[in-house]
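Next up, protein31.pdb (PDB, N, CA and C atoms, pLDDT in the B column):
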ATOM      1  N   MET A   1    -127.446  36.723 -57.986  1.00 78.00           N
ATOM      2  CA  MET A   1    -126.615  36.678 -59.185  1.00 78.00           C
ATOM      3  C   MET A   1    -125.673  37.882 -59.245  1.00 78.00           C
ATOM      4  N   GLU A   2    -126.227  39.067 -58.974  1.00 86.00           N
ATOM      5  CA  GLU A   2    -125.388  40.264 -59.001  1.00 86.00           C
ATOM      6  C   GLU A   2    -124.310  40.210 -57.925  1.00 86.00           C
ATOM      7  N   PHE A   3    -124.640  39.593 -56.790  1.00 87.00           N
ATOM      8  CA  PHE A   3    -123.676  39.476 -55.704  1.00 87.00           C
ATOM      9  C   PHE A   3    -122.468  38.638 -56.125  1.00 87.00           C
ATOM     10  N   ILE A   4    -122.707  37.560 -56.857  1.00 89.00           N
ATOM     11  CA  ILE A   4    -121.629  36.687 -57.321  1.00 89.00           C
ATOM     12  C   ILE A   4    -120.739  37.430 -58.321  1.00 89.00           C
ATOM     13  N   ILE A   5    -121.348  38.195 -59.208  1.00 92.00           N
ATOM     14  CA  ILE A   5    -120.578  38.978 -60.179  1.00 92.00           C
ATOM     15  C   ILE A   5    -119.749  40.034 -59.456  1.00 92.00           C
ATOM     16  N   LEU A   6    -120.336  40.723 -58.486  1.00 92.00           N
ATOM     17  CA  LEU A   6    -119.618  41.731 -57.715  1.00 92.00           C
ATOM     18  C   LEU A   6    -118.463  41.106 -56.947  1.00 92.00           C
ATOM     19  N   LEU A   7    -118.692  39.959 -56.366  1.00 93.00           N
ATOM     20  CA  LEU A   7    -117.642  39.251 -55.636  1.00 93.00           C
ATOM     21  C   LEU A   7    -116.502  38.857 -56.579  1.00 93.00           C
ATOM     22  N   GLY A   8    -116.847  38.400 -57.765  1.00 93.00           N
ATOM     23  CA  GLY A   8    -115.834  38.039 -58.763  1.00 93.00           C
ATOM     24  C   GLY A   8    -114.998  39.234 -59.184  1.00 93.00           C
ATOM     25  N   VAL A   9    -115.640  40.388 -59.383  1.00 94.00           N
ATOM     26  CA  VAL A   9    -114.929  41.609 -59.752  1.00 94.00           C
ATOM     27  C   VAL A   9    -113.983  42.034 -58.638  1.00 94.00           C
ATOM     28  N   ILE A  10    -114.420  41.925 -57.407  1.00 95.00           N
ATOM     29  CA  ILE A  10    -113.573  42.289 -56.264  1.00 95.00           C
ATOM     30  C   ILE A  10    -112.363  41.374 -56.178  1.00 95.00           C
ATOM     31  N   VAL A  11    -112.573  40.079 -56.354  1.00 94.00           N
ATOM     32  CA  VAL A  11    -111.457  39.121 -56.313  1.00 94.00           C
ATOM     33  C   VAL A  11    -110.466  39.412 -57.440  1.00 94.00           C
ATOM     34  N   LEU A  12    -110.952  39.687 -58.638  1.00 94.00           N
ATOM     35  CA  LEU A  12    -110.064  40.017 -59.756  1.00 94.00           C
ATOM     36  C   LEU A  12    -109.278  41.298 -59.497  1.00 94.00           C
ATOM     37  N   ALA A  13    -109.913  42.296 -58.913  1.00 94.00           N
ATOM     38  CA  ALA A  13    -109.226  43.552 -58.602  1.00 94.00           C
ATOM     39  C   ALA A  13    -108.120  43.326 -57.575  1.00 94.00           C
ATOM     40  N   ILE A  14    -108.407  42.539 -56.550  1.00 94.00           N
ATOM     41  CA  ILE A  14    -107.396  42.244 -55.528  1.00 94.00           C
ATOM     42  C   ILE A  14    -106.227  41.486 -56.150  1.00 94.00           C
ATOM     43  N   ALA A  15    -106.503  40.512 -56.998  1.00 92.00           N
ATOM     44  CA  ALA A  15    -105.448  39.741 -57.656  1.00 92.00           C
ATOM     45  C   ALA A  15    -104.606  40.641 -58.555  1.00 92.00           C
ATOM     46  N   TYR A  16    -105.246  41.541 -59.283  1.00 91.00           N
ATOM     47  CA  TYR A  16    -104.529  42.454 -60.173  1.00 91.00           C
ATOM     48  C   TYR A  16    -103.560  43.338 -59.393  1.00 91.00           C
ATOM     49  N   PHE A  17    -104.034  43.942 -58.306  1.00 89.00           N
ATOM     50  CA  PHE A  17    -103.184  44.832 -57.525  1.00 89.00           C
ATOM     51  C   PHE A  17    -102.063  44.057 -56.824  1.00 89.00           C
ATOM     52  N   SER A  18    -102.327  42.845 -56.417  1.00 88.00           N
ATOM     53  CA  SER A  18    -101.304  42.015 -55.785  1.00 88.00           C
ATOM     54  C   SER A  18    -100.193  41.680 -56.775  1.00 88.00           C
ATOM     55  N   ILE A  19    -100.559  41.298 -57.980  1.00 88.00           N
ATOM     56  CA  ILE A  19     -99.571  40.973 -59.012  1.00 88.00           C
ATOM     57  C   ILE A  19     -98.775  42.216 -59.387  1.00 88.00           C
ATOM     58  N   ASN A  20     -99.451  43.345 -59.532  1.00 83.00           N
ATOM     59  CA  ASN A  20     -98.763  44.598 -59.857  1.00 83.00           C
ATOM     60  C   ASN A  20     -97.749  44.966 -58.785  1.00 83.00           C
ATOM     61  N   GLU A  21     -98.108  44.795 -57.527  1.00 83.00           N
ATOM     62  CA  GLU A  21     -97.210  45.124 -56.427  1.00 83.00           C
ATOM     63  C   GLU A  21     -95.973  44.228 -56.439  1.00 83.00           C
ATOM     64  N   LYS A  22     -96.179  42.934 -56.674  1.00 81.00           N
ATOM     65  CA  LYS A  22     -95.042  42.011 -56.712  1.00 81.00           C
ATOM     66  C   LYS A  22     -94.133  42.305 -57.901  1.00 81.00           C
ATOM     67  N   LEU A  23     -94.695  42.664 -59.038  1.00 77.00           N
ATOM     68  CA  LEU A  23     -93.892  43.010 -60.203  1.00 77.00           C
ATOM     69  C   LEU A  23     -93.075  44.274 -59.953  1.00 77.00           C
ATOM     70  N   SER A  24     -93.666  45.250 -59.291  1.00 77.00           N
ATOM     71  CA  SER A  24     -92.910  46.472 -58.990  1.00 77.00           C
ATOM     72  C   SER A  24     -91.776  46.192 -58.010  1.00 77.00           C
ATOM     73  N   LEU A  25     -91.973  45.263 -57.070  1.00 73.00           N
ATOM     74  CA  LEU A  25     -90.891  44.884 -56.155  1.00 73.00           C
ATOM     75  C   LEU A  25     -89.750  44.210 -56.910  1.00 73.00           C
ATOM     76  N   ILE A  26     -90.092  43.377 -57.878  1.00 69.00           N
ATOM     77  CA  ILE A  26     -89.064  42.719 -58.683  1.00 69.00           C
ATOM     78  C   ILE A  26     -88.271  43.766 -59.463  1.00 69.00           C
ATOM     79  N   LYS A  27     -88.960  44.733 -60.046  1.00 67.00           N
ATOM     80  CA  LYS A  27     -88.278  45.769 -60.818  1.00 67.00           C
ATOM     81  C   LYS A  27     -87.360  46.615 -59.942  1.00 67.00           C
ATOM     82  N   GLU A  28     -87.754  46.856 -58.689  1.00 67.00           N
ATOM     83  CA  GLU A  28     -86.925  47.643 -57.780  1.00 67.00           C
ATOM     84  C   GLU A  28     -85.641  46.911 -57.418  1.00 67.00           C
ATOM     85  N   GLN A  29     -85.658  45.588 -57.431  1.00 65.00           N
ATOM     86  CA  GLN A  29     -84.499  44.790 -57.043  1.00 65.00           C
ATOM     87  C   GLN A  29     -83.592  44.475 -58.227  1.00 65.00           C
ATOM     88  N   ALA A  30     -83.760  45.181 -59.305  1.00 58.00           N
ATOM     89  CA  ALA A  30     -82.980  44.910 -60.502  1.00 58.00           C
ATOM     90  C   ALA A  30     -81.488  45.081 -60.235  1.00 58.00           C
ATOM     91  N   LYS A  31     -80.711  44.275 -60.924  1.00 76.00           N
ATOM     92  CA  LYS A  31     -79.265  44.298 -60.720  1.00 76.00           C
ATOM     93  C   LYS A  31     -78.593  45.424 -61.502  1.00 76.00           C
ATOM     94  N   PHE A  32     -78.763  45.445 -62.811  1.00 87.00           N
ATOM     95  CA  PHE A  32     -78.077  46.437 -63.631  1.00 87.00           C
ATOM     96  C   PHE A  32     -78.764  46.545 -64.992  1.00 87.00           C
ATOM     97  N   LYS A  33     -78.350  47.561 -65.754  1.00 88.00           N
ATOM     98  CA  LYS A  33     -78.904  47.782 -67.085  1.00 88.00           C
ATOM     99  C   LYS A  33     -77.874  47.410 -68.135  1.00 88.00           C
ATOM    100  N   VAL A  34     -78.382  46.931 -69.267  1.00 92.00           N
ATOM    101  CA  VAL A  34     -77.540  46.630 -70.413  1.00 92.00           C
ATOM    102  C   VAL A  34     -78.167  47.218 -71.664  1.00 92.00           C
ATOM    103  N   LYS A  35     -77.338  47.408 -72.687  1.00 93.00           N
ATOM    104  CA  LYS A  35     -77.805  47.947 -73.961  1.00 93.00           C
ATOM    105  C   LYS A  35     -77.498  46.940 -75.062  1.00 93.00           C
ATOM    106  N   ASN A  36     -78.478  46.700 -75.918  1.00 91.00           N
ATOM    107  CA  ASN A  36     -78.309  45.794 -77.044  1.00 91.00           C
ATOM    108  C   ASN A  36     -77.431  46.476 -78.088  1.00 91.00           C
ATOM    109  N   LYS A  37     -76.357  45.815 -78.500  1.00 92.00           N
ATOM    110  CA  LYS A  37     -75.433  46.388 -79.491  1.00 92.00           C
ATOM    111  C   LYS A  37     -76.097  46.569 -80.851  1.00 92.00           C
ATOM    112  N   LEU A  38     -77.050  45.698 -81.173  1.00 91.00           N
ATOM    113  CA  LEU A  38     -77.637  45.704 -82.508  1.00 91.00           C
ATOM    114  C   LEU A  38     -78.726  46.752 -82.691  1.00 91.00           C
ATOM    115  N   ASP A  39     -79.677  46.815 -81.752  1.00 90.00           N
ATOM    116  CA  ASP A  39     -80.800  47.735 -81.935  1.00 90.00           C
ATOM    117  C   ASP A  39     -80.782  48.931 -80.982  1.00 90.00           C
ATOM    118  N   GLY A  40     -79.850  48.972 -80.031  1.00 91.00           N
ATOM    119  CA  GLY A  40     -79.715  50.120 -79.142  1.00 91.00           C
ATOM    120  C   GLY A  40     -80.723  50.176 -78.004  1.00 91.00           C
ATOM    121  N   LYS A  41     -81.600  49.170 -77.875  1.00 91.00           N
ATOM    122  CA  LYS A  41     -82.588  49.169 -76.792  1.00 91.00           C
ATOM    123  C   LYS A  41     -81.903  48.862 -75.463  1.00 91.00           C
ATOM    124  N   THR A  42     -82.423  49.475 -74.393  1.00 91.00           N
ATOM    125  CA  THR A  42     -81.884  49.279 -73.057  1.00 91.00           C
ATOM    126  C   THR A  42     -82.799  48.344 -72.283  1.00 91.00           C
ATOM    127  N   TYR A  43     -82.194  47.424 -71.534  1.00 90.00           N
ATOM    128  CA  TYR A  43     -82.950  46.455 -70.745  1.00 90.00           C
ATOM    129  C   TYR A  43     -82.406  46.415 -69.326  1.00 90.00           C
ATOM    130  N   ILE A  44     -83.258  46.030 -68.397  1.00 87.00           N
ATOM    131  CA  ILE A  44     -82.835  45.783 -67.032  1.00 87.00           C
ATOM    132  C   ILE A  44     -82.616  44.286 -66.879  1.00 87.00           C
ATOM    133  N   VAL A  45     -81.468  43.915 -66.338  1.00 88.00           N
ATOM    134  CA  VAL A  45     -81.146  42.505 -66.108  1.00 88.00           C
ATOM    135  C   VAL A  45     -81.606  42.153 -64.701  1.00 88.00           C
ATOM    136  N   TYR A  46     -82.490  41.170 -64.590  1.00 82.00           N
ATOM    137  CA  TYR A  46     -83.038  40.759 -63.309  1.00 82.00           C
ATOM    138  C   TYR A  46     -82.292  39.575 -62.705  1.00 82.00           C
ATOM    139  N   SER A  47     -81.638  38.797 -63.549  1.00 82.00           N
ATOM    140  CA  SER A  47     -80.900  37.643 -63.050  1.00 82.00           C
ATOM    141  C   SER A  47     -79.851  37.261 -64.082  1.00 82.00           C
ATOM    142  N   VAL A  48     -78.802  36.599 -63.616  1.00 83.00           N
ATOM    143  CA  VAL A  48     -77.739  36.129 -64.497  1.00 83.00           C
ATOM    144  C   VAL A  48     -77.602  34.629 -64.306  1.00 83.00           C
ATOM    145  N   LYS A  49     -77.529  33.915 -65.427  1.00 80.00           N
ATOM    146  CA  LYS A  49     -77.383  32.459 -65.374  1.00 80.00           C
ATOM    147  C   LYS A  49     -76.106  32.078 -66.123  1.00 80.00           C
ATOM    148  N   ASN A  50     -75.261  31.307 -65.459  1.00 78.00           N
ATOM    149  CA  ASN A  50     -74.019  30.846 -66.072  1.00 78.00           C
ATOM    150  C   ASN A  50     -73.857  29.372 -65.725  1.00 78.00           C
ATOM    151  N   GLU A  51     -74.471  28.505 -66.527  1.00 72.00           N
ATOM    152  CA  GLU A  51     -74.453  27.071 -66.240  1.00 72.00           C
ATOM    153  C   GLU A  51     -73.107  26.433 -66.558  1.00 72.00           C
ATOM    154  N   ASN A  52     -72.456  26.954 -67.553  1.00 71.00           N
ATOM    155  CA  ASN A  52     -71.098  26.487 -67.845  1.00 71.00           C
ATOM    156  C   ASN A  52     -70.270  27.711 -68.227  1.00 71.00           C
ATOM    157  N   SER A  53     -68.997  27.550 -68.320  1.00 68.00           N
ATOM    158  CA  SER A  53     -68.136  28.710 -68.550  1.00 68.00           C
ATOM    159  C   SER A  53     -68.207  29.247 -69.972  1.00 68.00           C
ATOM    160  N   GLU A  54     -68.917  28.563 -70.857  1.00 75.00           N
ATOM    161  CA  GLU A  54     -68.966  28.984 -72.255  1.00 75.00           C
ATOM    162  C   GLU A  54     -70.026  30.047 -72.543  1.00 75.00           C
ATOM    163  N   ARG A  55     -71.115  30.046 -71.794  1.00 82.00           N
ATOM    164  CA  ARG A  55     -72.195  30.999 -72.112  1.00 82.00           C
ATOM    165  C   ARG A  55     -72.831  31.566 -70.849  1.00 82.00           C
ATOM    166  N   THR A  56     -73.106  32.846 -70.907  1.00 85.00           N
ATOM    167  CA  THR A  56     -73.778  33.535 -69.823  1.00 85.00           C
ATOM    168  C   THR A  56     -75.080  34.094 -70.379  1.00 85.00           C
ATOM    169  N   GLU A  57     -76.165  33.976 -69.613  1.00 88.00           N
ATOM    170  CA  GLU A  57     -77.461  34.466 -70.057  1.00 88.00           C
ATOM    171  C   GLU A  57     -78.008  35.478 -69.053  1.00 88.00           C
ATOM    172  N   PHE A  58     -78.755  36.443 -69.576  1.00 89.00           N
ATOM    173  CA  PHE A  58     -79.419  37.454 -68.763  1.00 89.00           C
ATOM    174  C   PHE A  58     -80.924  37.217 -68.811  1.00 89.00           C
ATOM    175  N   LEU A  59     -81.595  37.427 -67.689  1.00 89.00           N
ATOM    176  CA  LEU A  59     -83.053  37.395 -67.650  1.00 89.00           C
ATOM    177  C   LEU A  59     -83.552  38.827 -67.786  1.00 89.00           C
ATOM    178  N   ILE A  60     -84.286  39.096 -68.880  1.00 90.00           N
ATOM    179  CA  ILE A  60     -84.838  40.433 -69.122  1.00 90.00           C
ATOM    180  C   ILE A  60     -86.344  40.316 -69.345  1.00 90.00           C
ATOM    181  N   TYR A  61     -87.024  41.455 -69.231  1.00 88.00           N
ATOM    182  CA  TYR A  61     -88.462  41.530 -69.483  1.00 88.00           C
ATOM    183  C   TYR A  61     -88.657  42.393 -70.715  1.00 88.00           C
ATOM    184  N   ASP A  62     -89.162  41.792 -71.797  1.00 87.00           N
ATOM    185  CA  ASP A  62     -89.301  42.516 -73.058  1.00 87.00           C
ATOM    186  C   ASP A  62     -90.605  42.121 -73.732  1.00 87.00           C
ATOM    187  N   ASP A  63     -91.321  43.106 -74.218  1.00 86.00           N
ATOM    188  CA  ASP A  63     -92.584  42.884 -74.939  1.00 86.00           C
ATOM    189  C   ASP A  63     -93.562  42.008 -74.161  1.00 86.00           C
ATOM    190  N   GLY A  64     -93.661  42.240 -72.853  1.00 86.00           N
ATOM    191  CA  GLY A  64     -94.634  41.542 -72.039  1.00 86.00           C
ATOM    192  C   GLY A  64     -94.269  40.123 -71.664  1.00 86.00           C
ATOM    193  N   GLN A  65     -93.024  39.735 -71.858  1.00 91.00           N
ATOM    194  CA  GLN A  65     -92.637  38.374 -71.484  1.00 91.00           C
ATOM    195  C   GLN A  65     -91.204  38.345 -70.964  1.00 91.00           C
ATOM    196  N   TRP A  66     -90.944  37.366 -70.108  1.00 91.00           N
ATOM    197  CA  TRP A  66     -89.607  37.148 -69.558  1.00 91.00           C
ATOM    198  C   TRP A  66     -88.815  36.320 -70.549  1.00 91.00           C
ATOM    199  N   GLN A  67     -87.532  36.704 -70.743  1.00 91.00           N
ATOM    200  CA  GLN A  67     -86.694  35.983 -71.699  1.00 91.00           C
ATOM    201  C   GLN A  67     -85.286  35.812 -71.146  1.00 91.00           C
ATOM    202  N   TRP A  68     -84.705  34.643 -71.388  1.00 90.00           N
ATOM    203  CA  TRP A  68     -83.283  34.430 -71.142  1.00 90.00           C
ATOM    204  C   TRP A  68     -82.590  34.723 -72.463  1.00 90.00           C
ATOM    205  N   VAL A  69     -81.633  35.653 -72.454  1.00 90.00           N
ATOM    206  CA  VAL A  69     -80.918  36.031 -73.670  1.00 90.00           C
ATOM    207  C   VAL A  69     -79.424  35.861 -73.445  1.00 90.00           C
ATOM    208  N   LEU A  70     -78.713  35.554 -74.506  1.00 88.00           N
ATOM    209  CA  LEU A  70     -77.263  35.421 -74.418  1.00 88.00           C
ATOM    210  C   LEU A  70     -76.637  36.800 -74.202  1.00 88.00           C
ATOM    211  N   SER A  71     -75.624  36.850 -73.391  1.00 87.00           N
ATOM    212  CA  SER A  71     -75.018  38.135 -73.016  1.00 87.00           C
ATOM    213  C   SER A  71     -74.087  38.691 -74.089  1.00 87.00           C
ATOM    214  N   ASP A  72     -73.825  37.943 -75.149  1.00 87.00           N
ATOM    215  CA  ASP A  72     -72.852  38.346 -76.155  1.00 87.00           C
ATOM    216  C   ASP A  72     -73.156  39.677 -76.826  1.00 87.00           C
ATOM    217  N   ILE A  73     -74.430  39.967 -77.063  1.00 87.00           N
ATOM    218  CA  ILE A  73     -74.769  41.181 -77.821  1.00 87.00           C
ATOM    219  C   ILE A  73     -75.163  42.348 -76.911  1.00 87.00           C
ATOM    220  N   TYR A  74     -74.887  42.254 -75.622  1.00 88.00           N
ATOM    221  CA  TYR A  74     -75.249  43.308 -74.693  1.00 88.00           C
ATOM    222  C   TYR A  74     -73.996  43.923 -74.071  1.00 88.00           C
ATOM    223  N   ILE A  75     -74.058  45.239 -73.851  1.00 87.00           N
ATOM    224  CA  ILE A  75     -72.963  45.943 -73.189  1.00 87.00           C
ATOM    225  C   ILE A  75     -73.530  46.654 -71.969  1.00 87.00           C
ATOM    226  N   PRO A  76     -72.713  46.874 -70.931  1.00 86.00           N
ATOM    227  CA  PRO A  76     -73.207  47.597 -69.736  1.00 86.00           C
ATOM    228  C   PRO A  76     -73.684  48.994 -70.128  1.00 86.00           C
ATOM    229  N   TYR A  77     -74.726  49.451 -69.462  1.00 83.00           N
ATOM    230  CA  TYR A  77     -75.296  50.759 -69.760  1.00 83.00           C
ATOM    231  C   TYR A  77     -75.199  51.630 -68.536  1.00 83.00           C
TER     232      TYR A  77
END

Using structure tokens, write down the structure that the file contains.
Amino acid sequence: MEFIILLGVIVLAIAYFSINEKLSLIKEQAKFKVKNKLDGKTYIVYSVKNENSERTEFLIYDDGQWQWVLSDIYIPY
């Protein structure tokens, strides 16, 4: 029984470090920083989406989640 619990802890630790490593690689490949005009917070833009010429969206990581946000309220930082 203890062996199964130990094995589970080891697998969870390996998964945690693997996810952390991949997240740090994503952060290193960031394109540019932007600043929110309204609240002054700075974000790193990881991707840009422009499906039509009317709206452009940025992919940012905020409060523990990935979000697509409209680029209208952001300025280059």

message: I'd like to see the residues matched by the PyMOL selection byres ((chain A and resi 34) around 6) on this file, and ideally I'd get them as a PyMOL selection string.
response: chain A and resi 32-33+35-36+41-45+74-77

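Backbone DSSP assigns alpha helix (DSSP H) in chain A to Glu2, Phe3, Ile4, Ile5, Leu6, Leu7, Gly8, Val9, Ile10, Val11, Leu12, Ala13, Ile14, Ala15, Tyr16, Phe17, Ser18, Ile19, Asn20, Glu21, Lys22, Leu23, Ser24, Leu25, Ile26, Lys27 and Glu28 of chain A.
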
Edge lengths and centre in Å, axis-aligned, range 42-51 of chain A plus 4 Å each side, as JSON:
{"center_x": -78.2, "center_y": 38.0, "center_z": -68.5, "size_x": 18.2, "size_y": 31.0, "size_z": 19.7}

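Rounded to one decimal, atom N of Asn52 in chain A and atom N of Ser71 in chain A lie 11.9 Å from each other.
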
message: as an MDAnalysis selection string, please: every residue in range 1-76 of chain A that a backbone DSSP assignment puts in strand (DSSP E or B).
response: chainID A and resid 32:36 42:45 47:52 55:62 65:70 74:76

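The interatomic distance for the pair CA of Val69 in chain A and CA of Ser47 in chain A works out to 10.7 Å.
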
message: So that I can see what lies close to Thr56 in chain A, please list as a PyMOL selection string the residues with an atom at most 7 Å from it, counting only C-alpha atoms and leaving out residues fewer than 6 positions away in the same chain.
response: chain A and resi 49-50+70-71

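For the choices A:Met1, A:Leu38, A:Ala13, A:Leu7, the atom-to-atom distance to Ile73 in chain A is smallest for A:Leu38 when using all atoms listed in the file.
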
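Across the model, the gap from CA of Asp72 in chain A to atom N of Lys37 in chain A is 8.6 Å.
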
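Of the listed residues (A:Gly8, A:Phe17, A:Lys22, A:Tyr46), A:Tyr46 comes nearest to Leu59 in chain A; the distances count all atoms listed in the file.
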